[in-house]
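Q: Structure provided below as structure tokens; questions to follow.
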Amino acid sequence: MQTLRTAAIGSTVRVVKLHGEGAVKRRMMDMGITKGEEVPHVCR
């Protein structure tokens, strides 16, 4: 499994698991980053 940190810039990754608790996890979900979503990796 690859993390966003190791993904190449310009690639698209699929969210398998969210790390974080409470407000951090809630904020990621509010931005639409949920399990199964594809997210473009724009910058580091």
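Simple scheme: letters A, B, ... for chains in structure tokens order, numbers from 1 for residues in each chain, numbers from 1 for ligands in the order shown.
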I need the residues of chain A that end up classed as strand (DSSP E or B) by DSSP on the backbone, written out as a PyMOL selection string.
A: chain A and resi 12-14+38-40
Q: Which of chain A end up as alpha helix (DSSP H) when DSSP is run on this backbone - answer as JSON, numbers by chain?
A: {"A": [22, 23, 24, 25, 26, 27, 28, 29, 30]}
Q: May I have the selected residues written with C-alpha atoms, as a PDB file, in the first residue's frame?
A:
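Dumped to part_33.pdb:
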```
ATOM      1  CA  GLY A  22     -11.707  13.664  16.034  1.00  0.00           C
ATOM      2  CA  ALA A  23     -11.675  17.027  14.303  1.00  0.00           C
ATOM      3  CA  VAL A  24      -8.839  16.096  11.912  1.00  0.00           C
ATOM      4  CA  LYS A  25     -10.679  13.054  10.556  1.00  0.00           C
ATOM      5  CA  ARG A  26     -13.958  14.973  10.413  1.00  0.00           C
ATOM      6  CA  ARG A  27     -12.303  17.793   8.408  1.00  0.00           C
ATOM      7  CA  MET A  28     -10.874  15.332   5.862  1.00  0.00           C
ATOM      8  CA  MET A  29     -14.310  13.774   5.454  1.00  0.00           C
ATOM      9  CA  ASP A  30     -15.905  17.242   5.095  1.00  0.00           C
TER      10      ASP A  30
END
```
Q: Calculated over only C-alpha atoms, which of the candidates A:Val13, A:Met1, A:Leu18, A:Ala8 has the smallest distance to A:Cys43?
A: A:Ala8
Q: How many Å lie between atom CA of A:Glu21 and atom CA of A:Val39, rounded to one decimal?
A: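 Interatomic distance here is 20.2 Å.
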Q: Counting only C-alpha atoms, what is within 10 Å of A:Gln2, bar same-chain residues fewer than 5 positions away, as a ChimeraX atom specification?
A: /A:7,13-16
